[in-house]
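Dropping structure.cif in here (mmCIF, C-alpha atoms):
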```
data_upload
#
loop_
_atom_site.label_atom_id
_atom_site.label_comp_id
_atom_site.auth_asym_id
_atom_site.auth_seq_id
_atom_site.Cartn_x
_atom_site.Cartn_y
_atom_site.Cartn_z
CA MET N 24 0.00 0.00 0.00
CA GLU N 25 1.47 3.32 -1.02
CA ASP N 26 1.83 6.17 1.41
CA LYS N 27 -0.56 8.96 0.50
CA LYS N 28 0.69 12.31 1.59
CA MET N 29 -1.86 14.78 2.80
CA ALA N 30 -2.26 17.80 0.54
CA LEU N 31 -4.17 20.79 1.78
CA ARG N 32 -5.59 23.41 -0.54
CA THR N 33 -6.17 27.03 0.35
CA ILE N 34 -9.81 27.69 1.22
CA ARG N 35 -11.08 30.76 -0.60
CA ILE N 36 -12.74 33.35 1.62
CA GLN N 37 -15.96 35.28 0.85
CA GLY N 38 -15.08 38.19 -1.40
CA ASP N 39 -12.94 36.02 -3.69
CA PRO N 40 -14.54 36.24 -7.17
CA VAL N 41 -14.18 32.46 -7.70
CA LEU N 42 -16.97 31.95 -5.14
CA THR N 43 -19.47 33.85 -7.32
CA LYS N 44 -18.93 31.89 -10.53
CA LYS N 45 -20.93 29.00 -12.01
CA CYS N 46 -18.92 25.77 -12.22
CA ARG N 47 -18.39 23.50 -15.21
CA GLU N 48 -19.32 19.82 -15.34
CA ILE N 49 -16.65 17.16 -15.09
CA THR N 50 -16.74 14.98 -18.21
CA GLU N 51 -14.22 12.28 -17.27
CA MET N 52 -12.24 11.05 -14.31
CA THR N 53 -8.57 11.94 -14.58
CA PRO N 54 -5.62 11.57 -12.21
CA LYS N 55 -5.88 15.32 -11.61
CA ILE N 56 -9.55 15.05 -10.55
CA LYS N 57 -8.75 12.05 -8.29
CA GLU N 58 -6.03 14.16 -6.66
CA LEU N 59 -8.48 17.04 -6.29
CA ILE N 60 -10.96 14.75 -4.49
CA ASP N 61 -8.26 13.56 -2.05
CA ASP N 62 -7.07 17.13 -1.47
CA MET N 63 -10.63 18.40 -0.91
CA LEU N 64 -11.30 15.67 1.66
CA ASP N 65 -7.99 16.36 3.44
CA THR N 66 -8.71 20.11 3.43
CA MET N 67 -12.28 19.65 4.71
CA TYR N 68 -11.19 17.35 7.55
CA GLU N 69 -8.28 19.62 8.51
CA ALA N 70 -10.70 22.58 8.74
CA ASN N 71 -13.27 20.51 10.72
CA GLY N 72 -15.89 21.09 8.03
CA VAL N 73 -18.76 18.85 6.96
CA GLY N 74 -18.63 19.85 3.29
CA LEU N 75 -16.46 21.51 0.68
CA ALA N 76 -17.17 22.51 -2.92
CA GLY N 77 -14.76 22.93 -5.84
CA PRO N 78 -14.88 26.74 -5.94
CA GLN N 79 -13.94 26.91 -2.25
CA VAL N 80 -10.51 25.60 -3.24
CA GLY N 81 -10.38 27.71 -6.42
CA VAL N 82 -11.55 24.99 -8.85
CA LEU N 83 -14.58 25.85 -10.99
CA LYS N 84 -15.76 22.28 -11.41
CA ARG N 85 -19.05 20.71 -10.26
CA ILE N 86 -17.67 18.64 -7.42
CA VAL N 87 -18.41 18.54 -3.71
CA VAL N 88 -17.29 16.39 -0.80
CA ILE N 89 -19.41 15.91 2.32
CA ASP N 90 -18.93 14.02 5.57
CA ILE N 91 -21.47 14.55 8.34
CA GLY N 92 -19.77 11.88 10.44
CA GLU N 93 -20.96 8.84 8.48
CA GLY N 94 -18.04 8.63 6.04
CA PRO N 95 -17.06 10.68 2.99
CA VAL N 96 -19.48 11.30 0.12
CA VAL N 97 -18.11 12.48 -3.23
CA MET N 98 -20.62 14.16 -5.54
CA ILE N 99 -19.59 14.95 -9.12
CA ASN N 100 -22.05 16.88 -11.32
CA PRO N 101 -24.74 16.64 -8.62
CA VAL N 102 -28.38 17.49 -9.33
CA ILE N 103 -31.19 17.75 -6.79
CA LEU N 104 -34.13 15.56 -7.89
CA GLU N 105 -36.53 16.10 -4.98
CA LYS N 106 -36.77 18.19 -1.86
CA SER N 107 -39.43 18.47 0.79
CA GLY N 108 -40.10 19.68 4.29
CA GLU N 109 -38.37 22.52 6.03
CA GLN N 110 -35.71 22.98 8.68
CA THR N 111 -34.38 26.21 10.12
CA GLY N 112 -31.06 26.26 11.89
CA ASP N 113 -27.56 27.61 12.17
CA GLU N 114 -25.35 27.30 9.12
CA GLY N 115 -21.71 28.17 8.68
CA CYS N 116 -19.20 27.96 5.86
CA LEU N 117 -15.47 27.33 5.65
CA SER N 118 -15.32 30.33 3.27
CA LEU N 119 -16.64 32.59 6.03
CA PRO N 120 -14.77 31.35 9.10
CA GLY N 121 -15.97 32.18 12.59
CA LYS N 122 -19.47 33.19 11.48
CA ALA N 123 -22.86 31.49 11.30
CA GLY N 124 -26.42 32.48 10.54
CA THR N 125 -29.95 31.15 10.53
CA VAL N 126 -30.95 29.50 7.25
CA THR N 127 -34.09 27.60 6.23
CA ARG N 128 -33.46 24.59 3.98
CA PRO N 129 -35.42 21.52 2.91
CA ASN N 130 -35.47 18.77 5.55
CA TYR N 131 -35.29 16.05 2.87
CA VAL N 132 -33.27 16.01 -0.34
CA LYS N 133 -32.79 13.38 -3.03
CA ALA N 134 -29.93 13.98 -5.46
CA ARG N 135 -28.19 12.26 -8.35
CA ALA N 136 -24.44 12.47 -8.82
CA PHE N 137 -21.38 10.56 -9.98
CA ASP N 138 -18.89 9.10 -7.53
CA GLU N 139 -15.08 9.12 -7.76
CA ASN N 140 -15.30 6.26 -10.33
CA MET N 141 -17.81 8.22 -12.45
CA GLU N 142 -20.52 5.73 -11.49
CA GLU N 143 -23.94 7.37 -11.30
CA TYR N 144 -25.82 7.04 -8.01
CA GLU N 145 -28.68 8.58 -6.06
CA ILE N 146 -28.47 9.75 -2.48
CA GLU N 147 -31.15 10.74 -0.01
CA GLY N 148 -30.47 12.94 2.98
CA THR N 149 -32.43 14.38 5.85
CA GLU N 150 -31.62 17.04 8.44
CA LEU N 151 -27.85 17.80 8.43
CA MET N 152 -27.19 15.79 5.25
CA ALA N 153 -30.01 17.58 3.40
CA ARG N 154 -28.65 20.93 4.61
CA ALA N 155 -25.09 20.02 3.57
CA ILE N 156 -26.14 18.90 0.08
CA CYS N 157 -28.12 22.11 -0.53
CA HIS N 158 -25.36 24.32 0.91
CA GLU N 159 -22.58 22.71 -1.15
CA LEU N 160 -24.60 22.61 -4.39
CA ASP N 161 -25.31 26.34 -4.00
CA HIS N 162 -21.53 26.92 -4.19
CA LEU N 163 -21.46 25.25 -7.62
CA ASP N 164 -23.73 28.00 -8.96
CA GLY N 165 -21.82 30.82 -7.29
CA HIS N 166 -24.08 31.25 -4.26
CA MET N 167 -23.34 31.36 -0.54
CA TYR N 168 -25.64 30.91 2.44
CA THR N 169 -25.23 34.59 3.29
CA GLU N 170 -27.61 35.37 0.39
CA ILE N 171 -30.48 33.56 2.15
CA VAL N 172 -29.55 34.08 5.79
CA GLU N 173 -32.37 35.20 8.08
CA GLY N 174 -31.15 38.05 10.25
CA PRO N 175 -27.58 38.93 11.17
CA LEU N 176 -24.60 36.61 11.23
CA HIS N 177 -23.12 35.81 14.63
CA ASP N 178 -19.69 34.78 15.82
CA VAL N 179 -19.04 31.12 16.52
CA THR N 180 -16.17 29.35 18.20
CA TYR N 181 -15.27 25.95 16.87
CA ASP N 182 -14.31 24.42 20.20
CA ASP N 183 -18.01 24.55 21.08
CA PRO N 184 -19.27 20.94 21.36
CA GLU N 185 -22.34 21.76 19.24
CA GLU N 186 -20.31 22.90 16.25
#
```
Full structure transcribed into structure tokens:
Amino acid sequence: MEDKKMALRTIRIQGDPVLTKKCREITEMTPKIKELIDDMLDTMYEANGVGLAGPQVGVLKRIVVIDIGEGPVVMINPVILEKSGEQTGDEGCLSLPGKAGTVTRPNYVKARAFDENMEEYEIEGTELMARAICHELDHLDGHMYTEIVEGPLHDVTYDDPEE
């Protein structure tokens, strides 16, 4: 088994124009995209995030990684097929560190995407997973949660057990 070295990418911060652009689809799996997936997962875990989208590391491709504590999910060219219900809660973003705000999202989401082998699959998520899918897919179209936040943002500390 080869030793994989961890590679962290710089997380782009709100105000960076890359975060406002629409991303392009990925047409084939390449060694460069595989490396991007590994780097995005490493970067997300290092930052204690639950999701990361291509533009957040400066790559305008339709790719997100999510891990809400149940193992990593790679979504390439994701599309939401169904959403229902409603949940309102705190949301934060690695591109706006130290801040959070109240956001209403669907409580159930069904999406279609390709995995790291370009195999198509469907995924269903509720609660945090539904929120994460919606949040990360927004990034692929150049949107951030601050556009739909209800009320002011507030400071958060990440050593808080609820974060």
Practice task
Run through the PyMOL selection byres ((chain N and resi 115-122) around 8) on the given coordinates and return the selected residues as a PyMOL selection string.
Solution key: chain N and resi 34-37+70+72+75+79+113-114+123-124+168+176-181
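You will find CA of Pro54 (chain N) at 29.1 Å from CA of Leu104 (chain N).
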Practice task
Pick out the residues sitting within 10 Å of region 158-162 of chain N, and hand them over as an MDAnalysis selection string; count all atoms listed in the file, and ignore anything fewer than 5 positions along from it in its own chain.
Solution key: chainID N and resid 41:46 73:79 83 85:89 98 100:103 114:116 126 128 152:153 167:168
Exercise for the section: Carefully work through the PyMOL selection byres ((chain N and resi 134) around 9) for this structure and note down the residues it includes, as a ChimeraX atom specification. Expected result: /N:101-106,132-133,135-136,144-148,156
Create the file for the chosen residues now, containing C-alpha atoms and written as a short mmCIF file (atom, residue, chain, number, x, y, z; two decimals), keeping the file's coordinate frame.
```cif
data_model
loop_
_atom_site.label_atom_id
_atom_site.label_comp_id
_atom_site.auth_asym_id
_atom_site.auth_seq_id
_atom_site.Cartn_x
_atom_site.Cartn_y
_atom_site.Cartn_z
CA PRO N 101 -24.74 16.64 -8.62
CA VAL N 102 -28.38 17.49 -9.33
CA ILE N 103 -31.19 17.75 -6.79
CA LEU N 104 -34.13 15.56 -7.89
CA GLU N 105 -36.53 16.10 -4.98
CA LYS N 106 -36.77 18.19 -1.86
CA VAL N 132 -33.27 16.01 -0.34
CA LYS N 133 -32.79 13.38 -3.03
CA ARG N 135 -28.19 12.26 -8.35
CA ALA N 136 -24.44 12.47 -8.82
CA TYR N 144 -25.82 7.04 -8.01
CA GLU N 145 -28.68 8.58 -6.06
CA ILE N 146 -28.47 9.75 -2.48
CA GLU N 147 -31.15 10.74 -0.01
CA GLY N 148 -30.47 12.94 2.98
CA ILE N 156 -26.14 18.90 0.08
#
```
Exercise for the section: Can you work out the spacing between CA of Asn71 (chain N) and CA of Leu59 (chain N) in Å, to one decimal? Expected result: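 CA of Asn71 (chain N) sits 18.0 Å away from CA of Leu59 (chain N).
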Completion exercise
CA of Leu64 (chain N) to CA of Pro40 (chain N) measures 22.6 Å
Practice task
With a distance cut-off of 8 Å and all atoms listed in the file, select the neighbouring residues of Glu139 (chain N), excluding the residue or stretch itself and same-chain residues fewer than 4 positions from it, and output the selection as a ChimeraX atom specification.
Solution key: /N:52,57,60,97-99
Handout entry: Which of N:Met141, N:Leu151, N:Leu31, N:Val82 sits closest to Asp62 (chain N) [using all atoms listed in the file]
Key = N:Leu31
Show me, as lines of an AutoDock Vina configuration file, the centre and edge lengths in Å to one decimal of the axis-aligned box that covers every listed atom of region 92-102 of chain N with 3 Å on each side.
```
center_x = -22.7
center_y = 13.1
center_z = -0.4
size_x = 17.3
size_y = 14.9
size_z = 27.8
```
Exercise for the section: Check what the PyMOL selection byres ((chain N and resi 109) around 8) selects in the file above and give those residues as an MDAnalysis selection string. Expected result: chainID N and resid 107:108 110:111 127:131
